Each structure stands twice: as C-alpha cells, then as structure tokens.
Amino acid sequence: MTALVAVEELRRAYAAARAGAFRDRDCHAASATTPPPVGSWTAAEGERVVLVAPCSQGAGASTVALAIATAAGAARVVECCTASASALAGAADAELGRASDGWVEGARGEVLLQRRGDRVAGPADLPSPPPGSVSVTVLDCGWAAEDLLGSRGWLGDLARTLSTVVLVARPTLPGLRRAEITLALVGAERAHLVLVGMHPRRWPRTVDRAAGPLTRRLRAAGRITCLPFHAGLAVTGVTSEPLPVGVLRAARSLFVVLEGALP
C-alpha cells in the first residue's frame, strides 16, 4: 500500500523540481553546480511588500496591484514580467525614462510605476528592482503561481516566504478551479483572494457552488475581496485615466486588511 504524503511535502518537492534540483541523479551535486540566479533584493528598512499573483492569465492582477498601490498613497508598483506582457505600459501620467538594469519608470500621481523595458525569460531571470523610497511596494507578478513558487531568484524567494500573498482570480467555474489549485500551492493560510468582476454581496449560486473547500475557508475567514465589474475597464484595460470608484473603494478596504498583516 502506497504511503500517504502530506500536501506541504508535495509542495516542497514540486518547488524543488521546478528549480531543477531533481534533474541529475545526485541532487546535491546538481544544486551545487547550478549557477546563481540573477540578482537578489531586500526591502529597505520600513518598506512593506505586497505580492500580487494571478491564478490564471488575464485574471486582473495588474489592476489589483495598481489599485492597492493607489489606496496606499505614496507607493510603487513593480511589474514583474517581460516587456511584451506589460499591462501597465499605458498606465503612467508621465514617463520618467530608464532606470538601472533595464527598468523603465513612470509616475501616476503619488504612485511610481516600474516595469521592464526588455525581454525576461522567467522569474529567475528577473533583475532586482531599483531601491525604493516609499513605504509600500506592490509586486505585480505576471507569471503563474507554479512557475513563481518553483523558481530561483529573489522573486521566487519572496513568493515562498512572505507571510501574505494576494491571489487574483475570475469568478467563473474555470477561474475558481484555478483559484483552488493555486491556494493549495501557495498555502491557503497565508493567502488573500481577490475575485475580479463580482459584486461583494451578490455571489451567484453557480459561483457559490463551484467554490472549493479552500476558497470557502477564506470566505469564512473574511479573506476574500470582490472587485466590481466595470465595462470600460474590461474593454480598455488600465490606462492613465483614474481607476473606477468602485474598484478603488474595494482596494481601500483590501489595503486596510493587508496593512494589519504586513510585517
């Protein structure tokens, strides 16, 4: 009879396999000869970090990241993806040009936007962002959670170690299935789920029935935030125009919750 394996052990094994630790017969030799990841990053003293990751592509993580930063006031959004996948390229009021190591900066009111100006193959290849001078940094991760958790480098380290991770999903049947899988990978005990495109007090019956046990646990604990649907935002995506009032209202409530959980 096959022995049962704990979920946490499976998660660690999966992360190690994605990082390449099991590619050779001798795991220790493989890890010893693997080249170091590109750069490292440590938040400045007093700088609080919010990690936002999508449960699936197109879930709306960039909108959520920008809304959180806007709610925080003087903050920055570091968009962690390759240049061609940027959802914030048109979000700045003013472009500030190139910063260090391939980062491009823009300003949007009090919010500083930093994104890549070049191609990045994956999370392990992402250079560390320039030093920040704000109290809140929101990391807008463009890679799937399984790629993020299994990657080497500063971004993967944060995804595995931060006490709170914001996950973004769509309130559809496929979206909730992906949310449940991602919650299991990340660890539901440190996740806050954001459902984009749903009224907070109107859970459709089909959505309620499709929610898995981890999603239900988060809902019972008050760790799900709903961002209302906005037709204009759904068509244009994020532009330099202000975010819709309903989205900002939900983001302010979310930031109050996150603020109490941030170290």
# chains A, B, ... in the order shown; residues from 1 in each chain; ligands from 1
$ closest_atom_pairs --of "region 25-124 of chain A" --to "region 248-261 of chain A" --cutoff "9 Å" --atoms "only C-alpha atoms" --output "tab-separated table"
residue	atom	partner	partner_atom	distance
A:Arg48	CA	A:Glu259	CA	8.9
A:Val50	CA	A:Leu258	CA	8.2
A:Val64	CA	A:Ala251	CA	7.4
A:Ala67	CA	A:Ala251	CA	5.6
A:Ile68	CA	A:Ala251	CA	5.4
A:Ala69	CA	A:Phe255	CA	8.7
A:Thr70	CA	A:Leu248	CA	7.8
A:Ala71	CA	A:Arg252	CA	5.1
A:Ala72	CA	A:Phe255	CA	6.9
$ select_by_dssp --residues "region 141-204 of chain A" --states "strand (DSSP E or B)" --output "PyMOL selection string"
chain A and resi 141+165-169+191-196
$ closest_residue --among "A:Arg201, A:Arg178, A:Arg209, A:His192" --to "Val165 (chain A)" --atoms "only C-alpha atoms"
A:His192
$ closest_residue --among "A:Val194, A:Trp41, A:Ala184, A:Ile224" --to "Pro127 (chain A)" --atoms "only C-alpha atoms"
A:Trp41
$ atom_distance --atom1 "CA of Gly106 (chain A)" --atom2 "CA of Asp93 (chain A)"
7.3 Å
$ closest_residue --among "A:Ala231, A:Cys141, A:Ala191, A:Leu173" --to "Ala210 (chain A)" --atoms "only C-alpha atoms"
A:Leu173
$ residues_around --residues "Val78 (chain A)" --least-positions-apart "4" --cutoff "9 Å" --atoms "only C-alpha atoms" --output "PDB file with C-alpha atoms, in the first residue's frame"
ATOM      1  CA  LEU A 112       5.702  55.160  -9.044  1.00  0.00           C
ATOM      2  CA  LEU A 113       5.467  52.509 -11.774  1.00  0.00           C
ATOM      3  CA  GLN A 114       8.479  50.344 -12.612  1.00  0.00           C
ATOM      4  CA  ARG A 115       8.380  47.829 -15.449  1.00  0.00           C
ATOM      5  CA  ARG A 116      10.799  46.007 -17.707  1.00  0.00           C
ATOM      6  CA  PRO A 129      14.195  46.398  -8.906  1.00  0.00           C
ATOM      7  CA  THR A 137       5.978  48.304  -2.688  1.00  0.00           C
ATOM      8  CA  VAL A 138       3.459  46.212  -4.614  1.00  0.00           C
ATOM      9  CA  LEU A 139       4.962  43.432  -6.740  1.00  0.00           C
ATOM     10  CA  ASP A 140       2.716  42.705  -9.732  1.00  0.00           C
ATOM     11  CA  CYS A 141       3.727  39.186 -10.775  1.00  0.00           C
TER      12      CYS A 141
END
$ closest_residue --among "A:Ser100, A:Thr225, A:Thr182, A:Ser84" --to "Met198 (chain A)" --atoms "only C-alpha atoms"
A:Thr225
$ closest_residue --among "A:Gly117, A:Pro228, A:Pro123, A:Pro171" --to "Leu149 (chain A)" --atoms "only C-alpha atoms"
A:Pro123
$ residues_around --residues "Cys80 (chain A)" --least-positions-apart "6" --cutoff "12 Å" --atoms "only C-alpha atoms" --output "CSV table (one decimal) with N, CA and C atoms, in the first residue's frame"
chain,number,residue,atom,x,y,z
A,51,LEU,N,2.8,41.2,-2.4
A,51,LEU,CA,3.0,40.4,-3.6
A,51,LEU,C,1.6,40.0,-4.1
A,52,VAL,N,1.3,40.4,-5.4
A,52,VAL,CA,0.1,40.1,-6.1
A,52,VAL,C,0.4,39.1,-7.2
A,53,ALA,N,-0.3,38.0,-7.3
A,53,ALA,CA,-0.1,37.0,-8.3
A,53,ALA,C,-1.4,36.5,-8.9
A,54,PRO,N,-1.5,36.2,-10.2
A,54,PRO,CA,-2.7,35.7,-10.8
A,54,PRO,C,-2.8,34.2,-10.6
A,61,ALA,N,-4.6,40.8,-12.3
A,61,ALA,CA,-3.6,41.1,-11.2
A,61,ALA,C,-3.0,42.5,-11.3
A,62,SER,N,-2.8,43.0,-12.5
A,62,SER,CA,-2.2,44.3,-12.6
A,62,SER,C,-3.1,45.4,-12.1
A,65,ALA,N,-3.0,45.2,-8.4
A,65,ALA,CA,-1.8,45.7,-7.8
A,65,ALA,C,-1.8,47.3,-7.9
A,86,SER,N,3.5,43.4,-20.5
A,86,SER,CA,3.1,44.5,-19.6
A,86,SER,C,1.6,44.9,-19.8
A,87,ALA,N,0.9,45.0,-18.6
A,87,ALA,CA,-0.4,45.6,-18.6
A,87,ALA,C,-0.4,47.0,-18.1
A,88,LEU,N,0.7,47.5,-17.7
A,88,LEU,CA,0.8,48.9,-17.2
A,88,LEU,C,1.6,49.8,-18.0
A,103,TRP,N,15.2,48.7,-16.1
A,103,TRP,CA,13.9,49.0,-15.6
A,103,TRP,C,13.5,50.4,-16.2
A,104,VAL,N,12.2,50.5,-16.5
A,104,VAL,CA,11.6,51.7,-17.1
A,104,VAL,C,10.6,52.3,-16.0
A,113,LEU,N,5.6,53.8,-11.0
A,113,LEU,CA,5.5,52.5,-11.8
A,113,LEU,C,6.8,52.1,-12.3
A,114,GLN,N,7.2,50.9,-12.1
A,114,GLN,CA,8.5,50.3,-12.6
A,114,GLN,C,8.2,49.1,-13.4
A,115,ARG,N,8.6,49.0,-14.6
A,115,ARG,CA,8.4,47.8,-15.4
A,115,ARG,C,9.6,47.5,-16.3
A,116,ARG,N,9.6,46.4,-16.9
A,116,ARG,CA,10.8,46.0,-17.7
A,116,ARG,C,10.7,46.6,-19.1
A,117,GLY,N,11.9,47.0,-19.6
A,117,GLY,CA,11.9,47.5,-21.0
A,117,GLY,C,12.5,46.5,-21.9
A,118,ASP,N,12.7,45.2,-21.5
A,118,ASP,CA,13.3,44.2,-22.3
A,118,ASP,C,12.6,42.9,-22.1
A,119,ARG,N,13.1,41.8,-22.7
A,119,ARG,CA,12.6,40.5,-22.6
A,119,ARG,C,13.2,39.8,-21.4
A,120,VAL,N,12.3,39.2,-20.6
A,120,VAL,CA,12.7,38.4,-19.5
A,120,VAL,C,12.1,37.0,-19.6
A,121,ALA,N,13.0,36.0,-19.6
A,121,ALA,CA,12.5,34.6,-19.9
A,121,ALA,C,11.6,34.0,-18.8
A,122,GLY,N,11.9,34.4,-17.6
A,122,GLY,CA,11.2,33.8,-16.5
A,122,GLY,C,11.5,34.5,-15.2
A,123,PRO,N,10.8,34.1,-14.1
A,123,PRO,CA,11.1,34.8,-12.8
A,123,PRO,C,12.5,34.7,-12.3
A,124,ALA,N,13.2,33.6,-12.6
A,124,ALA,CA,14.6,33.5,-12.1
A,124,ALA,C,15.5,34.5,-12.8
A,125,ASP,N,15.1,35.0,-14.0
A,125,ASP,CA,15.9,35.9,-14.8
A,125,ASP,C,15.6,37.3,-14.6
A,126,LEU,N,14.7,37.6,-13.7
A,126,LEU,CA,14.2,39.0,-13.5
A,126,LEU,C,15.2,39.7,-12.6
A,127,PRO,N,15.9,40.8,-13.1
A,127,PRO,CA,16.8,41.6,-12.2
A,127,PRO,C,16.0,42.2,-11.1
A,128,SER,N,16.7,42.5,-10.0
A,128,SER,CA,16.1,43.1,-8.9
A,128,SER,C,15.8,44.5,-9.2
A,129,PRO,N,14.7,45.0,-8.6
A,129,PRO,CA,14.2,46.4,-8.9
A,129,PRO,C,15.1,47.4,-8.3
A,138,VAL,N,4.4,47.3,-4.1
A,138,VAL,CA,3.5,46.2,-4.6
A,138,VAL,C,4.1,45.5,-5.8
A,139,LEU,N,4.4,44.2,-5.7
A,139,LEU,CA,5.0,43.4,-6.7
A,139,LEU,C,3.8,42.8,-7.6
A,140,ASP,N,3.7,43.2,-8.8
A,140,ASP,CA,2.7,42.7,-9.7
A,140,ASP,C,3.3,41.6,-10.5
A,141,CYS,N,3.1,40.3,-10.2
A,141,CYS,CA,3.7,39.2,-10.8
A,141,CYS,C,2.9,38.7,-12.0
A,142,GLY,N,3.6,38.6,-13.1
A,142,GLY,CA,2.9,38.2,-14.3
A,142,GLY,C,3.0,36.7,-14.6
A,143,TRP,N,3.7,36.0,-13.8
A,143,TRP,CA,3.9,34.5,-14.0
A,143,TRP,C,2.9,33.7,-13.2
A,144,ALA,N,2.6,32.6,-13.7
A,144,ALA,CA,1.7,31.7,-12.9
A,144,ALA,C,2.3,31.3,-11.6
A,148,LEU,N,6.2,30.6,-10.4
A,148,LEU,CA,6.8,31.6,-9.4
A,148,LEU,C,7.3,30.8,-8.2
A,154,TRP,N,15.2,36.2,-6.4
A,154,TRP,CA,14.6,37.0,-5.4
A,154,TRP,C,13.1,36.9,-5.4
A,155,LEU,N,12.5,36.9,-6.6
A,155,LEU,CA,11.0,36.9,-6.7
A,155,LEU,C,10.4,35.6,-6.2
A,156,GLY,N,11.0,34.4,-6.6
A,156,GLY,CA,10.6,33.1,-6.1
A,156,GLY,C,10.8,33.0,-4.6
$ atom_distance --atom1 "CA of Asp208 (chain A)" --atom2 "CA of Ala159 (chain A)"
28.1 Å
$ closest_residue --among "A:Ala234, A:Pro213, A:His199, A:Ala83" --to "Gly246 (chain A)" --atoms "only C-alpha atoms"
A:His199
$ select_by_dssp --residues "region 212-249 of chain A" --states "helix (DSSP H, G or I)" --output "ChimeraX atom specification"
/A:213-220,231-236,245-249
$ atom_distance --atom1 "CA of Thr164 (chain A)" --atom2 "CA of Leu243 (chain A)"
24.3 Å
